[in-house]
Amino acid sequence: MNLDNLAPIPELYVSHESALKLKEEAAELPSWDLTRRQLCDLELLMNGGFNPLKGFLSEEDYEGVLEHMRLADGTLWPMPITLDVSEAFAECIEPGQDIALRDPEGVILAIMTVSDKWRPDKSREAEKVFGADEVAHPAVNYLHNEAGPVYLGGPITGIQPPVHYDFRSRRDTPNELRAFFRKMGWRRIVAFQTRNPLHRAHQELTFRAAREVQANLLIHPVVGMTKPGDVDHFTRVRCYEAVLDKYPPSTTHLSLLNLAMRMAGPREALWHALIRRNHGCTHFIVGRDHAGPGKNSKGEDFYGPYDAQELVAAHQDEIGIEMVPFKHMVYVEEKAQYFPVDEVPEGATILNISGTELRRRLREGLEIPEWFSFPEVVAELRRAYPPRHKQGFTVFFTGLSGSGKSTIANALMVKLMEIGDRPVTLLDGDVVRKHLSSELGFSKEHRDLNIRRIGFVASEITKNRGIAICAPIAPYEATRRAVREMIEQYGAFVLVHVATPLEECERRDRKGLYKLAREGKIKEFTGISDPYEEPENPDLRIDTTGLDVDYCAHQVLLKLEQLGLIGMRD
Ligand code: PPS
């Protein structure tokens with residue numbers, strides 16, 4: 001039997017002794033701090049995951065990859081692996097020079113001998129590689145809005161791999177996996193690529209795929225960078241671990257791949273197949289819309305559903321890995337079993353839960369049936385995505401000085417503490433200015449900075465499932481919107497406009513500040529000599545004129561209840 005797939009693959013690392021020496025020398029070199037994506041790419045370059053690449057692409061190889069999916073020497077390679085850098089860094093670098101590549105902590109991981117420096121036409125790259133120059137495609141968005149304007153190419157000398165502190169025992173280099181397969185006596189290995197949690201349908205299809213081609217199964221999920229909005233890899237790995245013992249003993253292995261995906265559909269599928277070949281696999285499962293990026297600006301798919309399968313099928317012999325086409329599995333109620341969609345008995349009832357429906361059920365704390373997923377997986381997802389009444393949230397009061405923001409905020413805080421299901425933090429305007437922003441004044445820049453600091457703290461509290469109550473003036477709409485965006489990644493943002501009119505605030509003049517402002521003794525005073533932009537669509541608007549504090553705080557509580565944020569019991 002041909003065991004080529006299990007022989008060691010070339011890596012780009014030098015020996016331990018040379019690495020120590022090189023590290024010292026490299027300290028003198030100009031150095032580039034790698035971005036998250038470049039760090040993923042470098043790891044797979046160095047450990048052989050991207051074999052036969054020996055470094056970041058030269059301009060000639062880049063051209064070949066764009067035009068024909070081939071390096072200059074004709075070798076098949078579908079994805080441009082490029083080192084994009086800033087204008088300022090590029091200016092100091094000339095071809096022929098060595099540069100040190102560092103991780104975010106400043107550790108030197110590799111030396112690159114720069115052979116090429118060029119300014120790519122990014123729109124052309126987008127068209128050629130991703131099929132459209134549209135920022136709705138995450139990789140095109142990255143290309144235009146995150147990647148630097150200049151590319152450097154050249155061979156890499158590997159000094160040490162990037163360090164991972166999480167799930168260390170589940171991470172394998174291509175050579176470690178090859179050695180594992182040799183040790184286990186596995187000769188035929190089918191790899192399953194995924195960026196999602198595995199449910200019963202996935203378990204069924206991978207199990208069937210392995211049985212059909214009489215191979216062992218490698219579950220090889222991506223834990224580097226996936227599609228924005230995906231389930232975080234910590235949660236996913238716990239889910240994969242839960243599914244592992246649903247397979248017959250000693251047939252299946254789980255290994256994590258630190259790949260930065262591009263969501264490039266067909267080209268990506270081919271790339272994934274090459275990477276799996278490098279990891280010692282003989283077979284690779286490719287599904288419908290493999291590595292699809294979602295919809296374009298017209299609401300259409302970027303690629304045809306079977307484009308990826310066609311492209312991999314056309315090149316599988318050249319790569320040296322056999323494609324196993326993914327069969328879409330569906331649950332047939334009458335049979336209480338999963339079937340490939342083309343083998344469903346006539347007239348049978350098919351049950352399905354879409355990704356959107358699954359998220360809705362998690363959010364609302366509704367039942368997720370056992371035919372759909374394993375209870376252990378559902379439990380992990382529920383931990384990561386608690387229902388709304390267990391998530392954190394922020395109540396953000398905005399309004400003029402003396403409008404009653406702090407008073408209502410204080411009353412709301414104790415009412416929420418009385419309920420007692422989540423920790424509550426009050427970030428009052430005055431208090432924040434004392435502890436967080438004591439050096440700031442009231443210019444537009446300083447007010448913005450102050451509000452963004454409040455937003456940052458509130459987003460951390462919300463992320464950690466607490467309740468943040470903020471009560472600054474926050475006079476600018478754009479800044480309030482920025483804070484909303486910071487918080488909504490983690491939980492709800494409820495904007496309350498305390499709309500007490502200026503005349504009433506001035507009449508109360510609790511701190512005597514309006515008088516001083518009118519006399520010109522306080523400059524830039526909101527409402528008198530500085531602007532206040534009223535929120536157009538607050539979640540709640542309260543004019544406190546003639547109203548009792550308790551009543552106002554109660555209005556906020558009712559709003560929170562209406563939004564499903566409080567009031568539910570387990
Ligand atoms: S901002 O615009 O959101 O950064 O303001 P904030 O941090 O909420 O601070 C407002 C409190 O500072 C006092 N104060 C002033 N307010 C507005 N303009 C000027 N120039 C000013 N100088 C001092 C005032 O007491 C505000 O407190 P509140 O609780 O709003 O009355």
# chains A, B, ... in the order shown; residues from 1 in each chain; ligands from 1
call {"tool": "residues_around", "arguments": {"residues": "segment 128-137 of chain A", "least_positions_apart": "3", "cutoff": "12 Å", "atoms": "only C-alpha atoms", "output": "VMD selection string"}}
result
chain A and resid 62 to 69 77 to 81 121 to 125 140 to 146 227 to 228 262 to 268 271 291 to 304
call {"tool": "write_last_selection", "arguments": {"atoms": "C-alpha atoms", "output": "compact mmCIF listing (two decimals), in the first residue's frame"}}
result
# COMPACT_ATOMS: atom_id res chain seq x y z
CA TYR A 62 0.70 35.89 -6.82
CA GLU A 63 -0.02 36.65 -10.48
CA GLY A 64 -0.14 32.96 -11.32
CA VAL A 65 -2.48 32.23 -8.40
CA LEU A 66 -4.84 35.04 -9.39
CA GLU A 67 -4.91 34.11 -13.08
CA HIS A 68 -4.67 30.31 -13.11
CA MET A 69 -4.70 29.08 -9.49
CA TRP A 77 -2.37 26.67 -5.41
CA PRO A 78 -5.70 28.51 -5.35
CA MET A 79 -5.33 31.08 -2.56
CA PRO A 80 -3.02 34.13 -2.44
CA ILE A 81 -1.05 33.92 0.82
CA ASP A 121 -4.70 46.04 -7.46
CA LYS A 122 -7.12 44.91 -4.76
CA SER A 123 -10.24 45.19 -6.89
CA ARG A 124 -8.66 42.86 -9.41
CA GLU A 125 -7.64 40.44 -6.66
CA VAL A 140 -13.24 41.43 0.05
CA ASN A 141 -14.15 43.66 2.95
CA TYR A 142 -10.95 42.55 4.68
CA LEU A 143 -8.93 43.19 1.54
CA HIS A 144 -10.19 46.75 1.10
CA ASN A 145 -10.72 47.84 4.69
CA GLU A 146 -8.21 45.95 6.81
CA LYS A 227 -17.01 33.96 9.27
CA PRO A 228 -17.85 37.02 11.39
CA ARG A 262 -11.50 33.45 3.43
CA MET A 263 -14.97 32.10 2.64
CA ALA A 264 -13.92 31.83 -1.01
CA GLY A 265 -16.29 28.97 -1.97
CA PRO A 266 -14.81 26.84 -4.78
CA ARG A 267 -11.23 28.13 -4.48
CA GLU A 268 -11.45 27.72 -0.74
CA TRP A 271 -7.37 25.00 -0.73
CA ALA A 291 -17.12 27.82 2.60
CA GLY A 292 -19.86 30.06 1.20
CA PRO A 293 -19.70 33.73 2.26
CA GLY A 294 -23.47 34.35 2.45
CA LYS A 295 -25.42 36.68 0.17
CA ASN A 296 -24.16 39.53 -1.99
CA SER A 297 -25.66 43.04 -2.04
CA LYS A 298 -28.45 41.82 -4.36
CA GLY A 299 -29.38 39.07 -1.93
CA GLU A 300 -27.94 36.33 -4.17
CA ASP A 301 -25.36 33.65 -3.36
CA PHE A 302 -21.82 34.47 -4.45
CA TYR A 303 -21.26 30.96 -5.83
CA GLY A 304 -23.39 28.16 -7.24
call {"tool": "select_by_dssp", "arguments": {"residues": "segment 59-263 of chain A", "states": "strand (DSSP E or B)", "output": "PyMOL selection string"}}
result
chain A and resi 70+76+83-85+98-102+108-113+116-118+150-158+171+189-194+216-222+225+252-254+256-257+260
call {"tool": "write_last_selection", "arguments": {"atoms": "N, CA and C atoms", "output": "tab-separated table (two decimals), in the first residue's frame"}}
result
chain	number	residue	atom	x	y	z
A	70	ARG	N	-2.34	28.79	-10.04
A	70	ARG	CA	-1.08	28.04	-10.04
A	70	ARG	C	0.10	28.96	-9.70
A	76	LEU	N	-0.36	23.60	-8.50
A	76	LEU	CA	-1.71	24.06	-8.16
A	76	LEU	C	-1.71	24.73	-6.78
A	83	LEU	N	1.76	38.82	2.41
A	83	LEU	CA	2.04	39.61	3.61
A	83	LEU	C	1.76	41.07	3.29
A	84	ASP	N	0.59	41.54	3.73
A	84	ASP	CA	0.22	42.94	3.48
A	84	ASP	C	0.77	43.80	4.61
A	85	VAL	N	1.39	44.92	4.25
A	85	VAL	CA	1.97	45.80	5.28
A	85	VAL	C	1.55	47.25	5.04
A	98	ASP	N	16.32	41.21	5.08
A	98	ASP	CA	15.61	40.30	5.99
A	98	ASP	C	14.75	41.11	6.94
A	99	ILE	N	13.57	40.58	7.27
A	99	ILE	CA	12.74	41.23	8.30
A	99	ILE	C	12.33	40.19	9.33
A	100	ALA	N	12.12	40.65	10.56
A	100	ALA	CA	11.66	39.74	11.62
A	100	ALA	C	10.14	39.81	11.70
A	101	LEU	N	9.51	38.64	11.79
A	101	LEU	CA	8.04	38.61	11.94
A	101	LEU	C	7.72	38.28	13.39
A	102	ARG	N	6.94	39.17	14.02
A	102	ARG	CA	6.69	39.01	15.46
A	102	ARG	C	5.22	38.77	15.75
A	108	ILE	N	9.71	36.94	18.33
A	108	ILE	CA	10.09	36.71	16.92
A	108	ILE	C	9.78	35.26	16.55
A	109	LEU	N	8.92	35.08	15.55
A	109	LEU	CA	8.52	33.72	15.15
A	109	LEU	C	9.27	33.26	13.90
A	110	ALA	N	9.65	34.23	13.06
A	110	ALA	CA	10.27	33.84	11.79
A	110	ALA	C	11.05	35.01	11.21
A	111	ILE	N	11.93	34.67	10.26
A	111	ILE	CA	12.60	35.71	9.48
A	111	ILE	C	12.15	35.55	8.04
A	112	MET	N	11.84	36.64	7.40
A	112	MET	CA	11.48	36.57	5.99
A	112	MET	C	12.53	37.33	5.18
A	113	THR	N	13.04	36.69	4.16
A	113	THR	CA	13.96	37.38	3.23
A	113	THR	C	13.10	37.97	2.13
A	116	ASP	N	10.27	40.40	-2.93
A	116	ASP	CA	9.37	41.23	-3.75
A	116	ASP	C	8.63	42.23	-2.89
A	117	LYS	N	8.39	43.39	-3.50
A	117	LYS	CA	7.55	44.40	-2.84
A	117	LYS	C	6.69	45.00	-3.95
A	118	TRP	N	5.38	44.97	-3.78
A	118	TRP	CA	4.52	45.54	-4.82
A	118	TRP	C	3.21	46.02	-4.24
A	150	VAL	N	0.47	47.54	0.67
A	150	VAL	CA	1.65	47.00	-0.03
A	150	VAL	C	1.85	45.54	0.38
A	151	TYR	N	2.25	44.70	-0.58
A	151	TYR	CA	2.54	43.29	-0.27
A	151	TYR	C	4.05	43.07	-0.30
A	152	LEU	N	4.53	42.26	0.66
A	152	LEU	CA	5.92	41.81	0.64
A	152	LEU	C	5.89	40.30	0.43
A	153	GLY	N	6.81	39.80	-0.41
A	153	GLY	CA	6.88	38.36	-0.62
A	153	GLY	C	8.28	37.88	-0.35
A	154	GLY	N	8.42	36.57	-0.06
A	154	GLY	CA	9.75	36.02	0.13
A	154	GLY	C	9.75	34.80	1.02
A	155	PRO	N	10.84	34.02	0.98
A	155	PRO	CA	10.91	32.79	1.77
A	155	PRO	C	11.01	33.06	3.27
A	156	ILE	N	10.51	32.09	4.02
A	156	ILE	CA	10.44	32.19	5.49
A	156	ILE	C	11.46	31.22	6.11
A	157	THR	N	12.13	31.69	7.14
A	157	THR	CA	12.92	30.79	8.00
A	157	THR	C	12.18	30.74	9.34
A	158	GLY	N	11.68	29.56	9.68
A	158	GLY	CA	10.85	29.44	10.88
A	158	GLY	C	11.69	29.32	12.13
A	171	ARG	N	-4.50	20.33	19.38
A	171	ARG	CA	-3.91	20.98	18.20
A	171	ARG	C	-2.77	20.11	17.69
A	189	ILE	N	-8.01	8.01	5.58
A	189	ILE	CA	-8.57	8.97	6.55
A	189	ILE	C	-9.41	9.98	5.78
A	190	VAL	N	-10.67	10.14	6.19
A	190	VAL	CA	-11.53	11.13	5.55
A	190	VAL	C	-11.68	12.33	6.49
A	191	ALA	N	-11.37	13.53	5.97
A	191	ALA	CA	-11.42	14.74	6.80
A	191	ALA	C	-12.74	15.46	6.62
A	192	PHE	N	-13.25	15.99	7.75
A	192	PHE	CA	-14.45	16.82	7.71
A	192	PHE	C	-14.09	18.21	8.20
A	193	GLN	N	-14.27	19.18	7.30
A	193	GLN	CA	-13.99	20.59	7.62
A	193	GLN	C	-15.26	21.21	8.19
A	194	THR	N	-15.12	21.98	9.27
A	194	THR	CA	-16.32	22.68	9.77
A	194	THR	C	-15.95	23.95	10.53
A	216	ASN	N	-11.08	5.96	8.35
A	216	ASN	CA	-11.26	6.58	9.66
A	216	ASN	C	-11.62	8.04	9.43
A	217	LEU	N	-12.17	8.64	10.48
A	217	LEU	CA	-12.69	10.01	10.32
A	217	LEU	C	-11.84	11.01	11.11
A	218	LEU	N	-11.46	12.09	10.44
A	218	LEU	CA	-10.81	13.20	11.14
A	218	LEU	C	-11.78	14.38	11.15
A	219	ILE	N	-12.24	14.75	12.34
A	219	ILE	CA	-13.05	15.98	12.46
A	219	ILE	C	-12.02	17.10	12.60
A	220	HIS	N	-12.01	18.00	11.63
A	220	HIS	CA	-10.91	18.97	11.53
A	220	HIS	C	-11.47	20.40	11.47
A	221	PRO	N	-12.02	20.86	12.58
A	221	PRO	CA	-12.65	22.19	12.57
A	221	PRO	C	-11.64	23.32	12.55
A	222	VAL	N	-12.05	24.43	11.97
A	222	VAL	CA	-11.22	25.62	11.91
A	222	VAL	C	-11.42	26.42	13.19
A	225	MET	N	-9.62	31.84	12.08
A	225	MET	CA	-10.61	32.90	11.84
A	225	MET	C	-11.68	32.32	10.93
A	252	THR	N	-12.49	7.69	15.25
A	252	THR	CA	-12.60	9.11	14.91
A	252	THR	C	-11.64	9.93	15.75
A	253	HIS	N	-11.05	10.94	15.11
A	253	HIS	CA	-10.12	11.81	15.83
A	253	HIS	C	-10.53	13.26	15.63
A	254	LEU	N	-10.38	14.07	16.70
A	254	LEU	CA	-10.69	15.50	16.62
A	254	LEU	C	-9.39	16.27	16.69
A	256	LEU	N	-7.73	20.38	15.90
A	256	LEU	CA	-8.11	21.77	15.60
A	256	LEU	C	-7.14	22.38	14.60
A	257	LEU	N	-7.68	23.11	13.65
A	257	LEU	CA	-6.86	23.69	12.58
A	257	LEU	C	-6.88	25.21	12.70
A	260	ALA	N	-6.99	30.67	8.88
A	260	ALA	CA	-7.82	31.87	8.71
A	260	ALA	C	-8.60	31.68	7.42
call {"tool": "select_by_dssp", "arguments": {"residues": "segment 183-408 of chain A", "states": "helix (DSSP H, G or I)", "output": "PyMOL selection string"}}
result
chain A and resi 183-184+200-212+233-244+265-278+307-319+341-343+355-364+375-384+388-390+405-408
call {"tool": "atom_distance", "arguments": {"atom1": "atom CA of Ala210 of chain A", "atom2": "atom CA of Ala7 of chain A"}}
result
22.2 Å
call {"tool": "closest_atom_pairs", "arguments": {"of": "chain A", "to": "ligand 1", "cutoff": "9 Å", "atoms": "only C-alpha atoms and all ligand atoms", "output": "CSV"}}
result
residue,atom,partner,partner_atom_place_in_ligand_line,distance
A:Thr398,CA,ligand 1,3 (O),7.9
A:Gly399,CA,ligand 1,30 (O),7.3
A:Leu400,CA,ligand 1,30 (O),5.9
A:Ser401,CA,ligand 1,31 (O),3.4
A:Gly402,CA,ligand 1,31 (O),4.5
A:Ser403,CA,ligand 1,31 (O),7.3
A:Gly404,CA,ligand 1,29 (O),7.8
A:Lys405,CA,ligand 1,29 (O),6.9
A:Ser406,CA,ligand 1,29 (O),6.1
A:Thr407,CA,ligand 1,29 (O),8.9
A:Asp428,CA,ligand 1,29 (O),7.4
A:Gly429,CA,ligand 1,8 (O),3.9
A:Asp430,CA,ligand 1,11 (C),5.4
A:Val431,CA,ligand 1,7 (O),8.5
A:Val432,CA,ligand 1,7 (O),6.9
A:Arg433,CA,ligand 1,7 (O),5.8
A:Ser437,CA,ligand 1,7 (O),8.2
A:Leu440,CA,ligand 1,4 (O),8.6
A:Gly441,CA,ligand 1,22 (N),7.6
A:Phe442,CA,ligand 1,20 (N),5.3
A:Ser443,CA,ligand 1,20 (N),8.2
A:Lys444,CA,ligand 1,2 (O),7.9
A:His446,CA,ligand 1,4 (O),7.0
A:Arg447,CA,ligand 1,4 (O),3.8
A:Asp448,CA,ligand 1,4 (O),6.7
A:Leu449,CA,ligand 1,4 (O),7.9
A:Asn450,CA,ligand 1,4 (O),5.4
A:Ile451,CA,ligand 1,4 (O),6.0
A:Ala471,CA,ligand 1,8 (O),6.7
A:Pro472,CA,ligand 1,8 (O),3.3
A:Ile473,CA,ligand 1,3 (O),3.7
A:Ala474,CA,ligand 1,3 (O),3.6
A:Pro475,CA,ligand 1,2 (O),5.6
A:Tyr476,CA,ligand 1,2 (O),8.2
A:Asp509,CA,ligand 1,31 (O),8.8
A:Arg510,CA,ligand 1,31 (O),8.1
A:Lys511,CA,ligand 1,25 (O),6.8
A:Leu513,CA,ligand 1,25 (O),7.0
A:Ala517,CA,ligand 1,20 (N),7.8
A:Ile522,CA,ligand 1,20 (N),6.1
A:Lys523,CA,ligand 1,20 (N),5.6
A:Glu524,CA,ligand 1,20 (N),4.5
A:Phe525,CA,ligand 1,20 (N),3.5
A:Thr526,CA,ligand 1,18 (N),4.5
A:Gly527,CA,ligand 1,18 (N),8.0
A:Ile528,CA,ligand 1,18 (N),8.6
A:Ser529,CA,ligand 1,20 (N),8.1
A:Asp530,CA,ligand 1,18 (N),7.2
A:Tyr532,CA,ligand 1,2 (O),8.7
call {"tool": "closest_residue", "arguments": {"among": "A:Ile275, A:Leu259, A:Ile93, A:Ala409", "to": "His497 of chain A", "atoms": "only C-alpha atoms"}}
result
A:Ala409
call {"tool": "decode", "arguments": {"residues": "segment 245-267 of chain A", "atoms": "N, CA, C and O atoms", "output": "tab-separated table (two decimals), in the first residue's frame"}}
result
chain	number	residue	atom	x	y	z
A	245	ASP	N	-17.82	11.02	21.41
A	245	ASP	CA	-18.14	9.64	21.82
A	245	ASP	C	-19.46	9.12	21.24
A	245	ASP	O	-19.96	8.10	21.66
A	246	LYS	N	-20.01	9.83	20.25
A	246	LYS	CA	-21.18	9.30	19.53
A	246	LYS	C	-20.72	8.41	18.36
A	246	LYS	O	-21.52	7.83	17.66
A	247	TYR	N	-19.41	8.40	18.11
A	247	TYR	CA	-18.88	7.55	17.04
A	247	TYR	C	-18.39	6.25	17.65
A	247	TYR	O	-18.05	6.21	18.84
A	248	PRO	N	-18.31	5.18	16.84
A	248	PRO	CA	-17.75	3.94	17.38
A	248	PRO	C	-16.34	4.20	17.93
A	248	PRO	O	-15.61	5.01	17.37
A	249	PRO	N	-15.98	3.51	19.02
A	249	PRO	CA	-14.68	3.79	19.66
A	249	PRO	C	-13.51	3.64	18.69
A	249	PRO	O	-13.52	2.79	17.81
A	250	SER	N	-12.51	4.50	18.86
A	250	SER	CA	-11.25	4.45	18.11
A	250	SER	C	-11.40	4.57	16.60
A	250	SER	O	-10.56	4.09	15.85
A	251	THR	N	-12.49	5.16	16.13
A	251	THR	CA	-12.63	5.33	14.67
A	251	THR	C	-12.39	6.78	14.27
A	251	THR	O	-12.15	7.07	13.10
A	252	THR	N	-12.49	7.69	15.25
A	252	THR	CA	-12.60	9.11	14.91
A	252	THR	C	-11.64	9.93	15.75
A	252	THR	O	-11.45	9.64	16.93
A	253	HIS	N	-11.05	10.94	15.11
A	253	HIS	CA	-10.12	11.81	15.83
A	253	HIS	C	-10.53	13.26	15.63
A	253	HIS	O	-10.98	13.64	14.55
A	254	LEU	N	-10.38	14.07	16.70
A	254	LEU	CA	-10.69	15.50	16.62
A	254	LEU	C	-9.39	16.27	16.69
A	254	LEU	O	-8.59	16.07	17.62
A	255	SER	N	-9.16	17.14	15.72
A	255	SER	CA	-7.96	17.96	15.75
A	255	SER	C	-8.33	19.36	15.28
A	255	SER	O	-9.13	19.53	14.36
A	256	LEU	N	-7.73	20.38	15.90
A	256	LEU	CA	-8.11	21.77	15.60
A	256	LEU	C	-7.14	22.38	14.60
A	256	LEU	O	-5.92	22.20	14.71
A	257	LEU	N	-7.68	23.11	13.65
A	257	LEU	CA	-6.86	23.69	12.58
A	257	LEU	C	-6.88	25.21	12.70
A	257	LEU	O	-7.93	25.84	12.60
A	258	ASN	N	-5.67	25.77	12.89
A	258	ASN	CA	-5.60	27.22	13.09
A	258	ASN	C	-5.51	27.95	11.74
A	258	ASN	O	-4.54	28.65	11.46
A	259	LEU	N	-6.56	27.78	10.98
A	259	LEU	CA	-6.61	28.37	9.63
A	259	LEU	C	-7.41	29.67	9.69
A	259	LEU	O	-8.38	29.77	10.43
A	260	ALA	N	-6.99	30.67	8.88
A	260	ALA	CA	-7.82	31.87	8.71
A	260	ALA	C	-8.60	31.68	7.42
A	260	ALA	O	-8.04	31.76	6.32
A	261	MET	N	-9.89	31.37	7.54
A	261	MET	CA	-10.72	31.12	6.35
A	261	MET	C	-10.93	32.42	5.58
A	261	MET	O	-10.88	33.50	6.13
A	262	ARG	N	-11.19	32.29	4.28
A	262	ARG	CA	-11.50	33.45	3.43
A	262	ARG	C	-12.93	33.41	2.92
A	262	ARG	O	-13.36	34.35	2.28
A	263	MET	N	-13.60	32.29	3.12
A	263	MET	CA	-14.97	32.10	2.64
A	263	MET	C	-15.04	32.23	1.11
A	263	MET	O	-15.96	32.82	0.56
A	264	ALA	N	-14.03	31.65	0.43
A	264	ALA	CA	-13.92	31.83	-1.01
A	264	ALA	C	-14.58	30.71	-1.81
A	264	ALA	O	-14.23	30.50	-2.98
A	265	GLY	N	-15.51	29.97	-1.23
A	265	GLY	CA	-16.29	28.97	-1.97
A	265	GLY	C	-15.41	27.96	-2.69
A	265	GLY	O	-14.63	27.24	-2.05
A	266	PRO	N	-15.52	27.88	-4.04
A	266	PRO	CA	-14.81	26.84	-4.78
A	266	PRO	C	-13.29	26.87	-4.57
A	266	PRO	O	-12.68	25.83	-4.29
A	267	ARG	N	-12.69	28.05	-4.69
A	267	ARG	CA	-11.23	28.13	-4.48
A	267	ARG	C	-10.87	27.70	-3.06
A	267	ARG	O	-9.85	27.07	-2.81
